[in-house]
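Okay, target-v4.txt now, which holds compact mmCIF, C-alpha atoms:
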```txt
# COMPACT_ATOMS: atom_id res chain seq x y z
CA MET A 1 71.51 120.01 -97.22
CA THR A 2 73.45 119.13 -100.30
CA GLY A 3 73.36 116.07 -102.50
CA ALA A 4 70.58 113.51 -102.73
CA ALA A 5 67.81 113.60 -100.14
CA LYS A 6 68.20 110.94 -97.48
CA PRO A 7 65.71 108.13 -98.10
CA PRO A 8 63.06 107.89 -95.40
CA ALA A 9 63.68 105.32 -92.66
CA LEU A 10 61.92 102.05 -93.24
CA LEU A 11 59.02 101.02 -91.03
CA HIS A 12 59.23 98.14 -88.55
CA ARG A 13 56.84 95.39 -89.61
CA ARG A 14 55.63 94.42 -86.16
CA GLU A 15 54.94 98.04 -85.27
CA VAL A 16 52.89 98.40 -88.46
CA VAL A 17 50.84 95.28 -87.74
CA ALA A 18 50.37 96.11 -84.05
CA ARG A 19 49.12 99.58 -85.01
CA LEU A 20 46.73 98.29 -87.69
CA VAL A 21 45.01 95.85 -85.32
CA ARG A 22 45.31 97.92 -82.10
CA ASP A 23 41.72 99.17 -82.02
CA ARG A 24 40.10 96.01 -83.34
CA THR A 25 36.59 95.03 -82.36
CA ASP A 26 34.98 92.85 -85.03
CA LEU A 27 37.89 92.86 -87.51
CA VAL A 28 38.79 89.55 -89.22
CA VAL A 29 42.47 89.28 -90.16
CA ILE A 30 43.90 86.84 -92.71
CA SER A 31 47.71 86.54 -92.73
CA GLY A 32 49.82 85.21 -95.57
CA LEU A 33 52.43 82.53 -94.94
CA GLY A 34 55.76 83.34 -93.33
CA SER A 35 56.52 86.53 -91.45
CA PRO A 36 53.05 88.13 -91.75
CA SER A 37 51.60 85.18 -89.79
CA TYR A 38 54.31 85.63 -87.12
CA ASP A 39 53.69 89.39 -87.04
CA LEU A 40 49.97 88.88 -86.54
CA ALA A 41 50.56 86.30 -83.80
CA ALA A 42 53.01 88.71 -82.12
CA ALA A 43 50.29 91.37 -82.05
CA GLY A 44 48.06 88.99 -80.07
CA ASP A 45 46.29 85.76 -80.93
CA ARG A 46 42.55 86.18 -81.50
CA ASP A 47 39.72 83.92 -82.63
CA ARG A 48 39.26 86.24 -85.62
CA ASN A 49 42.85 85.71 -86.80
CA PHE A 50 43.32 83.19 -89.58
CA TYR A 51 46.96 82.33 -90.22
CA LEU A 52 48.09 80.77 -93.47
CA TRP A 53 51.16 78.52 -93.41
CA GLY A 54 50.94 77.62 -97.09
CA ALA A 55 48.61 78.22 -100.06
CA MET A 56 51.09 80.81 -101.32
CA GLY A 57 49.39 83.31 -103.59
CA GLY A 58 45.98 82.71 -102.03
CA ALA A 59 45.79 85.25 -99.21
CA LEU A 60 44.13 88.01 -101.22
CA ALA A 61 41.54 85.72 -102.78
CA LEU A 62 40.82 84.10 -99.43
CA GLY A 63 40.26 87.53 -97.87
CA LEU A 64 37.94 88.41 -100.75
CA GLY A 65 35.85 85.31 -100.06
CA VAL A 66 35.42 86.28 -96.40
CA ALA A 67 34.65 89.90 -97.30
CA LEU A 68 31.96 88.91 -99.81
CA ALA A 69 30.41 86.46 -97.35
CA ARG A 70 30.28 89.01 -94.53
CA PRO A 71 29.94 92.54 -95.91
CA ASP A 72 29.00 93.70 -92.40
CA ILE A 73 32.47 92.88 -91.00
CA PRO A 74 35.78 94.59 -91.85
CA VAL A 75 38.37 92.17 -93.25
CA LEU A 76 42.12 92.81 -93.38
CA VAL A 77 44.60 90.73 -95.38
CA LEU A 78 48.18 91.04 -94.14
CA THR A 79 50.72 89.54 -96.47
CA GLY A 80 54.21 89.86 -97.86
CA ASP A 81 55.52 91.05 -101.20
CA GLY A 82 56.47 87.53 -102.33
CA GLU A 83 53.06 86.10 -101.49
CA ALA A 84 51.27 89.00 -103.19
CA LEU A 85 53.45 88.65 -106.31
CA MET A 86 52.35 85.03 -106.61
CA GLY A 87 48.66 85.99 -106.61
CA MET A 88 48.68 89.33 -108.42
CA GLY A 89 45.60 88.46 -110.45
CA SER A 90 43.58 88.76 -107.27
CA PHE A 91 44.06 92.54 -107.31
CA ALA A 92 42.00 92.52 -110.51
CA THR A 93 39.35 90.23 -109.03
CA ILE A 94 39.10 92.33 -105.86
CA ALA A 95 38.78 95.50 -107.95
CA LEU A 96 36.03 93.88 -110.02
CA LYS A 97 34.00 92.77 -106.96
CA ARG A 98 34.74 96.03 -105.10
CA PRO A 99 34.13 94.95 -101.48
CA GLY A 100 34.27 98.10 -99.34
CA ASN A 101 34.94 96.07 -96.20
CA LEU A 102 38.25 94.66 -97.49
CA SER A 103 41.68 96.15 -96.82
CA VAL A 104 45.00 94.68 -97.82
CA CYS A 105 48.34 95.55 -96.23
CA ILE A 106 51.44 94.24 -97.95
CA LEU A 107 54.49 94.22 -95.70
CA ASP A 108 57.06 94.86 -98.41
CA ASN A 109 60.63 94.07 -97.35
CA ALA A 110 61.55 93.39 -100.99
CA MET A 111 62.81 89.92 -100.17
CA TYR A 112 61.90 86.31 -99.47
CA GLY A 113 62.65 86.42 -95.75
CA GLU A 114 61.68 82.83 -95.03
CA THR A 115 64.09 81.28 -97.50
CA GLY A 116 67.30 83.21 -96.97
CA GLY A 117 66.53 86.79 -97.91
CA GLN A 118 66.69 86.48 -101.68
CA PRO A 119 65.54 89.74 -103.29
CA SER A 120 61.97 89.73 -104.62
CA HIS A 121 60.76 91.54 -107.72
CA THR A 122 59.89 94.57 -105.58
CA ALA A 123 63.63 94.99 -104.91
CA GLY A 124 63.70 95.55 -108.65
CA PRO A 125 61.23 97.57 -110.70
CA ALA A 126 57.93 95.98 -109.57
CA ASP A 127 55.63 98.28 -107.58
CA LEU A 128 52.73 96.46 -105.95
CA ALA A 129 50.78 99.65 -105.18
CA ALA A 130 50.97 100.66 -108.83
CA ILE A 131 49.95 97.14 -109.85
CA ALA A 132 46.92 97.29 -107.55
CA ARG A 133 46.02 100.70 -108.96
CA GLY A 134 46.43 99.41 -112.49
CA CYS A 135 44.03 96.59 -111.65
CA GLY A 136 41.42 99.17 -110.65
CA ILE A 137 41.91 99.66 -106.91
CA ALA A 138 41.89 103.44 -106.72
CA ASP A 139 42.89 103.59 -103.05
CA ALA A 140 46.31 101.93 -103.33
CA ARG A 141 48.89 103.76 -101.26
CA ARG A 142 52.36 103.35 -99.83
CA LEU A 143 52.99 103.58 -96.11
CA ARG A 144 56.28 105.23 -95.18
CA SER A 145 55.57 106.95 -91.86
CA ALA A 146 53.80 106.30 -88.58
CA GLU A 147 51.23 108.93 -89.59
CA GLU A 148 50.46 107.11 -92.83
CA VAL A 149 50.14 103.84 -90.93
CA ALA A 150 47.73 105.46 -88.47
CA ALA A 151 45.62 106.87 -91.31
CA PHE A 152 45.40 103.45 -92.95
CA ALA A 153 44.56 101.83 -89.58
CA ALA A 154 41.49 104.07 -89.39
CA ARG A 155 40.46 102.85 -92.86
CA VAL A 156 40.93 99.18 -91.93
CA HIS A 157 38.25 99.22 -89.25
CA ARG A 158 35.48 100.83 -91.26
CA THR A 159 33.60 99.91 -94.39
CA ALA A 160 34.14 102.24 -97.33
CA ASP A 161 32.63 102.09 -100.81
CA ALA A 162 35.66 100.33 -102.31
CA PRO A 163 38.58 98.20 -101.16
CA ALA A 164 41.92 99.68 -100.10
CA VAL A 165 45.48 98.44 -100.55
CA ALA A 166 48.53 99.71 -98.65
CA VAL A 167 52.10 98.70 -99.35
CA ALA A 168 54.23 99.30 -96.26
CA ASP A 169 57.95 99.76 -96.85
CA VAL A 170 59.34 97.69 -94.00
CA ASP A 171 62.90 96.83 -93.06
CA GLY A 172 64.34 93.38 -93.61
CA GLU A 173 65.20 92.72 -89.99
CA ASP A 174 65.12 89.03 -89.07
CA LEU A 175 62.86 88.96 -86.00
CA PRO A 176 62.27 86.18 -83.48
CA ARG A 177 59.45 84.00 -84.75
CA VAL A 178 56.15 84.01 -82.92
CA LEU A 179 54.48 80.84 -84.11
CA PRO A 180 50.68 80.67 -84.20
CA SER A 181 48.69 77.44 -84.55
CA ARG A 182 49.41 75.41 -87.68
CA ASP A 183 46.14 73.47 -87.36
CA ALA A 184 44.01 74.79 -90.20
CA ALA A 185 40.93 72.82 -89.13
CA HIS A 186 41.15 74.34 -85.65
CA LEU A 187 41.66 77.86 -87.00
CA THR A 188 38.72 77.38 -89.39
CA MET A 189 36.35 76.22 -86.66
CA ARG A 190 37.58 78.90 -84.29
CA LEU A 191 36.92 81.70 -86.78
CA ARG A 192 33.57 80.26 -87.83
CA ALA A 193 32.52 79.98 -84.18
CA ALA A 194 33.55 83.59 -83.58
CA LEU A 195 31.25 84.56 -86.47
CA GLY A 196 28.39 82.52 -85.03
CA LEU A 197 28.70 79.70 -87.56
CA PRO A 198 28.56 75.93 -86.90
CA SER A 199 31.76 73.93 -87.37
CA LEU A 200 30.25 72.13 -90.34
CA MET B 1 26.24 67.84 -131.01
CA SER B 2 23.33 70.20 -131.37
CA GLY B 3 22.67 71.94 -134.64
CA PRO B 4 21.25 75.44 -134.88
CA SER B 5 17.65 74.20 -134.79
CA ALA B 6 18.05 71.94 -131.71
CA ALA B 7 16.58 73.10 -128.42
CA PRO B 8 19.17 74.18 -125.85
CA PRO B 9 19.84 71.49 -123.22
CA ALA B 10 17.76 71.63 -120.05
CA TRP B 11 20.54 70.64 -117.66
CA PRO B 12 22.08 74.09 -117.06
CA GLY B 13 18.78 75.25 -115.56
CA GLU B 14 18.50 72.10 -113.46
CA VAL B 15 22.11 72.40 -112.25
CA PHE B 16 21.40 76.01 -111.32
CA ALA B 17 18.35 74.86 -109.34
CA ILE B 18 20.48 72.28 -107.49
CA LEU B 19 22.99 74.98 -106.53
CA LYS B 20 20.15 77.18 -105.28
CA GLY B 21 18.73 74.23 -103.37
CA PHE B 22 22.05 73.76 -101.55
CA ALA B 23 22.17 77.49 -100.73
CA VAL B 24 25.28 78.06 -102.84
CA ARG B 25 26.03 81.77 -103.02
CA GLN B 26 29.56 82.44 -104.28
CA VAL B 27 30.10 81.11 -107.79
CA ALA B 28 33.74 81.38 -108.84
CA TYR B 29 34.61 80.70 -112.43
CA VAL B 30 36.97 80.89 -115.32
CA PRO B 31 34.60 80.85 -118.29
CA ASP B 32 34.03 77.74 -120.35
CA ALA B 33 31.55 77.28 -123.19
CA GLY B 34 30.04 74.30 -121.37
CA HIS B 35 29.25 76.47 -118.35
CA ALA B 36 28.10 79.53 -120.32
CA GLU B 37 24.37 79.15 -119.62
CA LEU B 38 24.94 78.40 -115.93
CA ILE B 39 27.19 81.48 -115.63
CA ARG B 40 24.52 83.59 -117.34
CA ARG B 41 21.90 82.42 -114.83
CA VAL B 42 24.20 83.12 -111.87
CA HIS B 43 24.76 86.68 -113.06
CA ALA B 44 21.00 87.12 -113.49
CA ASP B 45 20.25 86.09 -109.89
CA PRO B 46 20.69 88.95 -107.40
CA GLN B 47 21.12 86.50 -104.53
CA MET B 48 24.14 84.85 -106.14
CA GLN B 49 27.64 86.30 -105.99
CA PRO B 50 29.42 85.53 -109.27
CA VAL B 51 33.21 85.90 -109.04
CA PRO B 52 35.12 85.83 -112.33
CA LEU B 53 38.68 84.67 -111.66
CA THR B 54 42.00 85.40 -113.31
CA THR B 55 43.14 81.83 -112.63
CA GLU B 56 41.34 78.83 -111.17
CA GLU B 57 43.53 78.52 -108.05
CA GLU B 58 42.18 81.90 -106.97
CA GLY B 59 38.78 80.23 -106.82
CA VAL B 60 39.95 77.57 -104.36
CA ALA B 61 41.28 80.23 -101.98
CA LEU B 62 38.19 82.41 -102.52
CA LEU B 63 35.83 79.58 -101.63
CA CYS B 64 37.87 78.73 -98.54
CA GLY B 65 37.36 82.34 -97.46
CA ALA B 66 33.68 82.11 -98.35
CA TRP B 67 33.37 79.07 -96.08
CA LEU B 68 35.18 80.87 -93.24
CA GLY B 69 32.62 83.63 -93.57
CA GLY B 70 29.61 81.32 -93.84
CA ASP B 71 28.95 81.19 -97.58
CA ARG B 72 28.78 78.05 -99.64
CA GLY B 73 30.38 78.20 -103.04
CA VAL B 74 31.06 76.35 -106.25
CA LEU B 75 34.00 76.51 -108.65
CA LEU B 76 33.28 76.26 -112.37
CA MET B 77 36.19 75.50 -114.67
CA GLN B 78 37.54 73.53 -117.58
CA SER B 79 39.82 70.52 -117.07
CA SER B 80 42.89 72.58 -117.97
CA GLY B 81 42.12 74.75 -114.94
CA VAL B 82 42.39 71.79 -112.58
CA GLY B 83 46.14 71.84 -113.14
CA ASN B 84 46.26 75.43 -111.93
CA CYS B 85 44.59 74.49 -108.64
CA ILE B 86 46.84 71.73 -107.35
CA ASN B 87 48.77 73.33 -104.46
CA MET B 88 45.81 75.50 -103.45
CA LEU B 89 43.62 72.40 -102.99
CA ALA B 90 45.52 71.83 -99.73
CA LEU B 91 43.18 74.50 -98.33
CA ALA B 92 40.09 72.41 -99.04
CA GLN B 93 41.61 69.40 -97.34
CA LEU B 94 43.10 71.11 -94.29
CA CYS B 95 40.30 73.60 -93.64
CA ARG B 96 37.60 71.01 -94.36
CA VAL B 97 36.00 73.25 -96.97
CA PRO B 98 32.93 71.64 -98.56
CA LEU B 99 34.33 72.51 -101.96
CA LEU B 100 32.28 71.62 -105.02
CA ALA B 101 33.97 71.94 -108.40
CA LEU B 102 32.08 71.44 -111.66
CA VAL B 103 34.65 70.62 -114.34
CA THR B 104 33.92 70.54 -118.06
CA MET B 105 36.29 68.06 -119.68
CA ARG B 106 38.48 68.70 -122.67
CA GLY B 107 41.11 66.52 -124.25
CA GLU B 108 39.08 63.34 -124.47
CA TRP B 109 36.02 62.61 -126.65
CA GLY B 110 36.81 63.79 -130.19
CA GLU B 111 39.24 66.46 -129.06
CA PHE B 112 40.56 68.61 -131.89
CA ASN B 113 43.28 70.48 -129.96
CA PRO B 114 46.34 68.51 -128.82
CA TRP B 115 47.11 71.19 -126.18
CA GLN B 116 44.04 70.08 -124.23
CA VAL B 117 44.99 66.40 -124.09
CA PRO B 118 47.72 66.15 -121.41
CA MET B 119 45.85 67.99 -118.66
CA GLY B 120 42.50 66.54 -119.67
CA THR B 121 43.97 63.06 -119.36
CA ALA B 122 45.52 63.81 -115.95
CA THR B 123 42.51 65.65 -114.50
CA PRO B 124 40.77 62.89 -112.48
CA ASP B 125 44.03 61.53 -111.03
CA ALA B 126 45.31 65.02 -110.24
CA LEU B 127 42.13 65.82 -108.33
CA ARG B 128 42.25 62.53 -106.41
CA LEU B 129 45.91 63.01 -105.55
CA MET B 130 44.94 66.26 -103.84
CA GLY B 131 42.18 64.68 -101.81
CA MET B 132 39.14 65.44 -103.95
CA ARG B 133 36.35 62.92 -104.57
CA VAL B 134 35.65 62.61 -108.27
CA LEU B 135 32.28 61.88 -109.86
CA ARG B 136 31.76 61.81 -113.61
CA ALA B 137 28.78 62.33 -115.87
CA GLU B 138 29.46 60.48 -119.10
CA ARG B 139 26.31 61.53 -120.99
CA ALA B 140 24.19 64.66 -120.87
CA ALA B 141 21.33 62.69 -119.29
CA GLU B 142 23.58 61.92 -116.28
CA ILE B 143 24.68 65.47 -115.53
CA VAL B 144 21.81 66.48 -113.25
CA GLU B 145 21.87 63.40 -111.03
CA THR B 146 25.65 63.47 -110.81
CA VAL B 147 25.70 67.13 -109.79
CA GLN B 148 22.99 66.39 -107.22
CA ALA B 149 25.08 63.53 -105.78
CA GLY B 150 28.28 65.60 -105.85
CA ALA B 151 26.66 68.56 -104.10
CA ALA B 152 25.31 66.25 -101.39
CA LEU B 153 28.75 64.66 -100.96
CA ALA B 154 30.41 68.07 -100.66
CA PHE B 155 27.90 69.98 -98.54
CA ASP B 156 26.30 67.19 -96.47
CA GLY B 157 29.13 64.66 -96.56
CA ALA B 158 31.79 67.35 -95.93
CA ALA B 159 34.00 65.88 -98.66
CA PRO B 160 35.60 68.19 -101.25
CA THR B 161 34.18 66.92 -104.53
CA ALA B 162 34.68 67.46 -108.24
CA VAL B 163 32.02 66.54 -110.80
CA LEU B 164 33.48 65.99 -114.26
CA PHE B 165 31.23 66.67 -117.25
CA ALA B 166 32.58 64.35 -119.94
CA GLN B 167 33.37 65.95 -123.28
CA ARG B 168 31.03 63.37 -124.79
CA ALA B 169 28.20 64.84 -122.70
CA LEU B 170 28.93 68.38 -123.90
CA GLY B 171 29.89 67.73 -127.51
CA ALA B 172 33.43 68.15 -128.82
CA LYS B 173 34.37 71.65 -129.92
CA ASP B 174 34.62 71.78 -133.70
CA PHE B 175 37.04 74.41 -135.01
CA ARG B 176 36.39 73.49 -138.61
CA LYS B 177 32.88 74.91 -138.62
```
Would you mind writing the structure in this file as C-alpha cells?
Amino acid sequence: MTGAAKPPALLHRREVVARLVRDRTDLVVISGLGSPSYDLAAAGDRDRNFYLWGAMGGALALGLGVALARPDIPVLVLTGDGEALMGMGSFATIALKRPGNLSVCILDNAMYGETGGQPSHTAGPADLAAIARGCGIADARRLRSAEEVAAFAARVHRTADAPAVAVADVDGEDLPRVLPSRDAAHLTMRLRAALGLPSL
Amino acid sequence: MSGPSAAPPAWPGEVFAILKGFAVRQVAYVPDAGHAELIRRVHADPQMQPVPLTTEEEGVALLCGAWLGGDRGVLLMQSSGVGNCINMLALAQLCRVPLLALVTMRGEWGEFNPWQVPMGTATPDALRLMGMRVLRAERAAEIVETVQAGAALAFDGAAPTAVLFAQRALGAKDFRK
C-alpha cells in the first residue's frame, strides 16, 4: 500500500451501546442528554436505566454520586462528547474519589448531533481520553474496533480498583430516535425501587 | 469578628452533629472559609464521603446521583457558587432530590470585595427562582436552629432547601489585616 494509511472505520454508536450493556445483571446505566439516551433506550429499557434529558454537563458527576452510594454495584455513564466537554471538571473529581465501580463511555461523534451537527471541540484538537488521563484517570482509552469495545464491556460489569473511561470514535449517522421516558420523578422512583430503596 | 484569643465558634460542631443525625453521607463542597471547620470534621469522619468539587453545579448532579443510589447528601458553598448551579438545580426539582445546600453569604454585611456583591445580592432570589426553599440565619446564634429546620424541610419535608449563613453571622472578610 502506498500513501497515507486508511483511517480505521468509525464505530456505530448503537452497536457500541448494545455491546456494553449486553451481559448486564446488576449494572446501573446513566445516559447523558440527546443521542446517548436514545441509544440506551434502543438497547432495551430497564429499571436500572436513568436517562437524562437535560442537566447538560452533569452526567459524569451524577454517575459518581451513584457509584459512591453503591460501591457494590457497577455503574456506567454513557454520554456524548458535547455533554462531557461541558462537565470536564468531573474527570478530576472522579479521579480524586477513585470509585472502582464506575465506568464512563463517551460516544464521540465530534459534533452536536441534536442541534444540527455543528462540530464540537473534539473535531478540533481536544482529546477527551487525554483530558481524562490528565485528570488522573489512568485507564482512559479509545475504542476503535469491536474487539476494543468487547474488552471495555468486560470492564464495565466488574469492579476494579479505579474508574475507567473509554472514548468511542463513532460515526455521525443521524439515527431514528428511540425516546425513553422524560418523567424524571418516575425514572428516579423506578431506579430507587430497583435498588430496594423507598420512593422518598 | 473573633480576634486571635477568642474561642472558635461552637456551631460547626453542632451543624456536623445535625448532618450526622439526618444520616447525611456525601458532603460535596467548594471550599469556603466559613465552612472550613465543618469540612475538616467531614474529612475526619470515616463514615462520611467528602467530595471536593471543581464547580458547584457538579455537586447538584452528584447529590442527585447519591439520592438515586440511596445516600443523603449536603452541598457546601459560597453565595458566588449558587450562580454556577442554576440550570443543574432542575435535577433537584424534577427528581425530587431532598437537596440541602448550606450557603455562606458574601457581598452583603461589610463586604470589602465588589466582585462578590452582584451574585451575593441575587443569591436568595436565584435559588427561589429554581424551586429551592430558602432559610436564613442572620446571626451566629441562629445558625444551628436554622440548619436543623432546613435539614428537616429537605429530608423529611422532601423540599430542596438552601440555608443561607449571613455574612454578619460569619464576620466580614478583612483583607486589610
Determine which residues of chain A sit within 6 Å of chain B, taking into account only C-alpha atoms, and present them as a tab-separated table (two decimals) with C-alpha atoms, in the coordinates of the input.
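Heads up, here's the output in out01.tsv:
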```
chain	number	residue	atom	x	y	z
A	55	ALA	CA	48.61	78.22	-100.06
A	58	GLY	CA	45.98	82.71	-102.03
A	61	ALA	CA	41.54	85.72	-102.78
A	62	LEU	CA	40.82	84.10	-99.43
A	63	GLY	CA	40.26	87.53	-97.87
A	65	GLY	CA	35.85	85.31	-100.06
A	66	VAL	CA	35.42	86.28	-96.40
A	69	ALA	CA	30.41	86.46	-97.35
A	70	ARG	CA	30.28	89.01	-94.53
A	89	GLY	CA	45.60	88.46	-110.45
A	184	ALA	CA	44.01	74.79	-90.20
A	185	ALA	CA	40.93	72.82	-89.13
A	188	THR	CA	38.72	77.38	-89.39
A	192	ARG	CA	33.57	80.26	-87.83
```
Set the distance at 7 Å and use all atoms listed in the file: which residues neighbour A:Val28 once local chain neighbours fewer than 5 positions away are removed? I'd like the list as a compact mmCIF listing (two decimals) with C-alpha atoms, keeping the file's coordinate frame.
```
# COMPACT_ATOMS: atom_id res chain seq x y z
CA ARG A 48 39.26 86.24 -85.62
CA ASN A 49 42.85 85.71 -86.80
CA PRO A 74 35.78 94.59 -91.85
CA VAL A 75 38.37 92.17 -93.25
CA LEU A 76 42.12 92.81 -93.38
```
* Contacts of A:Gly117 within 12 Å, all atoms listed in the file, excl. fewer than 2 positions in-chain, as a ChimeraX atom specification -> /A:35,82,109-115,119-120,123,171-174
* Which residue out of A:Leu200, A:Leu107, A:Ala151, A:Val77 has the minimum interatomic distance to A:Leu11 when all atoms listed in the file are used? ->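 So, comparing all the options, the nearest one is A:Leu107.
Of the residues under consideration (B:Trp11, B:Phe16, B:Phe165, B:Phe22), B:Phe165 shows the shortest atom-to-atom contact distance to B:Arg136 when counting all atoms listed in the file.
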* To do: Name the residues within 12 Å of (46.8, 93.5, -103.2), counting all atoms listed in the file in the file's coordinates, and put them as a PyMOL selection string.
  => chain A and resi 32+57-64+76-95+102-108+127-142+163-168
* What separation in Å, quoted to one decimal, exists between atom CA of A:Leu10 and atom CA of A:Ile30? ->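 For atom CA of A:Leu10 relative to atom CA of A:Ile30, the distance reads 23.6 Å.
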